[in-house]
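Chemist: File name start38.txt; file contents compact mmCIF, C-alpha atoms; full text below.
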# COMPACT_ATOMS: atom_id res chain seq x y z
CA MET C 16 -14.02 109.57 -22.95
CA GLU C 17 -16.00 106.57 -24.11
CA LYS C 18 -19.18 106.26 -22.06
CA ASN C 19 -18.48 102.77 -20.67
CA VAL C 20 -14.82 103.43 -19.83
CA CYS C 21 -14.10 104.15 -16.18
CA PRO C 22 -13.15 107.80 -15.50
CA CYS C 23 -10.27 106.68 -13.24
CA GLY C 24 -8.07 105.92 -16.25
CA SER C 25 -7.70 102.19 -15.64
CA GLY C 26 -8.91 101.40 -19.16
CA LYS C 27 -11.53 99.02 -17.72
CA LYS C 28 -15.28 99.34 -18.07
CA PHE C 29 -16.89 101.44 -15.31
CA SER C 30 -19.13 98.46 -14.44
CA GLU C 31 -16.01 96.31 -13.86
CA CYS C 32 -13.87 98.93 -12.11
CA CYS C 33 -15.14 101.78 -9.90
CA GLY C 34 -18.88 101.29 -10.46
CA PRO C 35 -19.36 98.36 -8.05
CA ILE C 36 -17.26 100.11 -5.38
CA ILE C 37 -19.24 103.38 -5.64
CA SER C 38 -22.57 101.53 -5.61
CA GLY C 39 -21.54 99.51 -2.53
CA LYS C 40 -21.76 96.12 -4.27
CA THR C 41 -18.09 95.48 -3.49
CA SER C 42 -15.44 97.03 -1.26
CA ALA C 43 -12.22 98.47 -2.60
CA PRO C 44 -9.53 95.76 -2.29
CA THR C 45 -6.68 98.29 -2.04
CA ALA C 46 -6.09 101.90 -1.06
CA GLU C 47 -5.38 102.75 -4.71
CA SER C 48 -8.66 101.22 -5.87
CA LEU C 49 -10.51 103.35 -3.31
CA MET C 50 -8.61 106.43 -4.53
CA ARG C 51 -9.65 105.64 -8.12
CA ALA C 52 -13.27 105.13 -7.03
CA ARG C 53 -13.25 108.45 -5.16
CA TYR C 54 -11.98 110.25 -8.29
CA SER C 55 -14.67 108.55 -10.40
CA ALA C 56 -17.26 109.58 -7.80
CA TYR C 57 -16.24 113.23 -8.24
CA VAL C 58 -16.60 112.84 -12.01
CA MET C 59 -20.02 111.17 -11.63
CA HIS C 60 -21.16 113.59 -8.85
CA GLU C 61 -21.62 110.73 -6.34
CA ILE C 62 -21.03 112.92 -3.29
CA ASP C 63 -22.62 110.51 -0.83
CA PHE C 64 -19.90 107.97 -1.70
CA ILE C 65 -17.21 110.62 -1.18
CA ALA C 66 -18.54 111.27 2.34
CA ALA C 67 -19.10 107.59 3.15
CA SER C 68 -15.56 106.64 2.11
CA CYS C 69 -13.94 108.93 4.72
CA VAL C 70 -12.76 107.96 8.20
CA ARG C 71 -15.09 109.53 10.78
CA GLU C 72 -13.26 110.43 13.97
CA GLU C 73 -14.75 111.92 17.11
CA GLY C 74 -14.47 115.72 17.07
CA ALA C 75 -13.28 115.91 13.47
CA ASN C 76 -14.95 118.27 11.04
CA ASP C 77 -17.40 116.64 8.68
CA ILE C 78 -17.11 117.04 4.94
CA ASP C 79 -18.88 120.13 3.57
CA MET C 80 -21.37 118.31 1.34
CA GLU C 81 -22.57 121.41 -0.48
CA GLU C 82 -19.07 122.69 -1.32
CA THR C 83 -17.97 119.20 -2.37
CA ARG C 84 -21.02 118.84 -4.62
CA LYS C 85 -20.40 122.30 -6.10
CA TRP C 86 -16.72 121.48 -6.86
CA SER C 87 -17.75 118.17 -8.41
CA GLU C 88 -20.49 119.62 -10.60
CA GLU C 89 -18.76 122.85 -11.64
CA SER C 90 -15.53 121.14 -12.69
CA GLU C 91 -14.67 119.46 -15.96
CA TRP C 92 -12.65 116.43 -14.84
CA LEU C 93 -9.66 115.90 -17.13
CA GLY C 94 -7.97 112.82 -15.67
CA LEU C 95 -6.31 111.06 -12.78
CA LYS C 96 -2.64 110.15 -12.46
CA ILE C 97 -1.33 107.90 -9.71
CA HIS C 98 2.26 108.92 -8.93
CA GLY C 99 2.92 106.13 -6.47
CA THR C 100 1.66 104.02 -3.61
CA LYS C 101 3.16 102.83 -0.34
CA GLN C 102 1.53 99.83 1.29
CA GLY C 103 -2.26 99.89 0.89
CA GLY C 104 -2.51 96.31 -0.38
CA PRO C 105 -5.23 93.78 0.50
CA SER C 106 -3.35 92.56 3.61
CA ASP C 107 -2.25 96.03 4.85
CA GLU C 108 -4.02 98.17 7.45
CA GLU C 109 -2.73 101.54 6.17
CA GLY C 110 -1.61 102.91 2.84
CA ILE C 111 -0.52 106.04 1.04
CA VAL C 112 -1.43 107.06 -2.50
CA GLU C 113 0.15 110.07 -4.17
CA PHE C 114 -2.02 111.29 -7.02
CA SER C 115 -2.98 114.20 -9.24
CA ALA C 116 -6.56 114.92 -10.28
CA TYR C 117 -6.70 117.28 -13.24
CA TYR C 118 -9.71 119.52 -13.79
CA SER C 119 -10.87 122.80 -15.27
CA ARG C 120 -13.16 125.18 -13.39
CA LYS C 121 -14.23 128.72 -14.26
CA GLY C 122 -11.83 128.88 -17.20
CA LEU C 123 -8.77 127.75 -15.23
CA LYS C 124 -7.05 124.38 -15.51
CA ASP C 125 -5.77 123.08 -12.21
CA GLU C 126 -4.04 120.08 -10.72
CA HIS C 127 -5.14 118.80 -7.32
CA ARG C 128 -1.99 116.96 -6.22
CA GLU C 129 -2.19 115.15 -2.92
CA VAL C 130 -0.45 112.58 -0.76
CA ALA C 131 -3.45 110.75 0.64
CA GLY C 132 -3.51 108.47 3.67
CA PHE C 133 -5.90 105.53 3.85
CA LYS C 134 -6.83 103.23 6.75
CA LYS C 135 -8.66 99.96 6.91
CA VAL C 136 -11.54 100.19 9.37
CA ASP C 137 -13.53 97.01 10.05
CA GLY C 138 -11.91 95.44 6.98
CA LYS C 139 -12.88 98.33 4.67
CA TRP C 140 -10.52 100.90 3.12
CA LEU C 141 -11.34 104.54 3.98
CA TYR C 142 -9.74 107.88 3.14
CA ALA C 143 -8.11 109.18 6.33
CA GLU C 144 -6.22 112.37 5.47
CA GLY C 145 -4.55 114.27 2.70
CA ASN C 146 -1.67 116.66 2.30
CA LEU C 147 -1.85 118.94 -0.71
CA THR C 148 1.20 119.59 -2.84
CA PRO C 149 1.30 123.18 -4.19
CA THR C 150 0.68 123.44 -7.94
CA THR C 151 0.46 126.20 -10.53
CA ILE C 152 -2.91 127.12 -12.02
CA VAL C 153 -2.81 127.50 -15.80
CA ARG C 154 -5.25 129.63 -17.79
CA SER C 155 -7.22 127.64 -20.36
CA VAL C 156 -7.61 130.79 -22.50
CA PRO C 157 -4.91 133.40 -23.18
CA LYS C 158 -4.79 136.48 -20.97
CA VAL C 159 -6.03 139.65 -22.65
CA GLY C 160 -3.45 142.46 -22.73
CA ARG C 161 -4.43 145.92 -21.48
CA ASN C 162 -4.06 147.52 -24.93
CA GLU C 163 -5.70 144.71 -26.89
CA PRO C 164 -9.29 144.93 -28.16
CA CYS C 165 -11.79 143.98 -25.49
CA PRO C 166 -13.10 140.42 -25.96
CA CYS C 167 -16.66 141.64 -25.25
CA GLY C 168 -16.77 143.09 -28.79
CA SER C 169 -17.19 146.76 -27.84
CA GLY C 170 -14.30 147.86 -30.06
CA LYS C 171 -12.62 149.61 -27.11
CA LYS C 172 -9.26 148.69 -25.64
CA TYR C 173 -9.55 146.15 -22.83
CA LYS C 174 -8.17 148.65 -20.23
CA GLN C 175 -10.92 151.16 -21.13
CA CYS C 176 -13.72 148.61 -21.08
CA CYS C 177 -13.97 145.36 -19.11
CA GLY C 178 -10.42 145.67 -17.73
CA LYS C 179 -11.25 148.65 -15.51
Show the structure stored in the file as structure tokens.

Modeler:
Amino acid sequence: MEKNVCPCGSGKKFSECCGPIISGKTSAPTAESLMRARYSAYVMHEIDFIAASCVREEGANDIDMEETRKWSEESEWLGLKIHGTKQGGPSDEEGIVEFSAYYSRKGLKDEHREVAGFKKVDGKWLYAEGNLTPTTIVRSVPKVGRNEPCPCGSGKKYKQCCGK
């Protein structure tokens, strides 16, 4: 990815897309633009923005900042795809964005697919809730067979070495 291009996949420069939203210079005009900024914040490890862009309701669990930071930093972010939106425009009070965030972590490629709900609170779009859609994790490297040579280089079969 070119350094100045926004990670959200819009094709725009980061400074003209998600950058001003993440930095707080502007507010997201739509639910989708907030979703794109949240994805870019994961890519850029801007965890404070992730937390600040969530609806805070009395008695609700707060975001686990350490786990969120760990997921952000340990993942290689591979792209964002918006599948569709319902409402969420500048004049709406609520909106839904269905999206997939693709990433690789610990040698496994995964898709975080979610139907996300957004609400406007005091004129500002916030992430309200999300429902995950089950996906299949795909290995980024081939699985080693039991009778194949061990990838550690010992010369033994995998089942007699690291596959025990």

Chemist: Between CA of Gly160 (chain C) and CA of His127 (chain C), what distance in Å does the model show, to one decimal?

Modeler: 28.3 Å

Chemist: Pro149 (chain C): which residues within 12 Å, counting all atoms listed in the file, same-chain residues fewer than 2 positions away excluded, as a list in words?

Modeler: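 The filter keeps Ser115, Asp125, Glu126, His127, Arg128, Glu129, Val130, Asn146, Leu147, Thr151 and Ile152 of chain C.
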
Chemist: Of the residues C:Val20, C:Ile37, C:Ala43, C:Leu49, which is the one nearest to Gly138 (chain C), using all atoms listed in the file?

Modeler: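 Of C:Val20, C:Ile37, C:Ala43, C:Leu49, the one nearest Gly138 (chain C) is C:Ala43, counting all atoms listed in the file.
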
Chemist: Using all atoms listed in the file, can you tell me which of C:Asp79, C:Glu47, C:Glu144, C:Glu88 comes closest to Lys101 (chain C)?

Modeler: C:Glu47

Chemist: Can you work out which one of C:Met59, C:Val70, C:Cys23, C:Cys165 has the shortest atom-to-atom distance to Lys139 (chain C), counting only C-alpha atoms?

Modeler: C:Val70

Chemist: What's the separation between CA of Glu113 (chain C) and CA of Pro35 (chain C), in Å to one decimal place?

Modeler: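 Separation between CA of Glu113 (chain C) and CA of Pro35 (chain C): 23.1 Å.
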
Chemist: Which of these, C:Lys27, C:Lys134, C:Val159, C:Gly39, has the shortest distance to Glu109 (chain C) once you count all atoms listed in the file?

Modeler: C:Lys134

Chemist: For Arg161 (chain C), please output as a PyMOL selection string all residues within 10 Å (counting all atoms listed in the file; exclusion window: fewer than 3 positions along the same chain).

Modeler: chain C and resi 158+164-165+172-179

Chemist: May I ask which of the residues C:Tyr142, C:Thr100, C:Pro166, C:Ile36 is the closest one to Ile78 (chain C), counting all atoms listed in the file?

Modeler: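 Smallest distance to Ile78 (chain C) is found for C:Tyr142.
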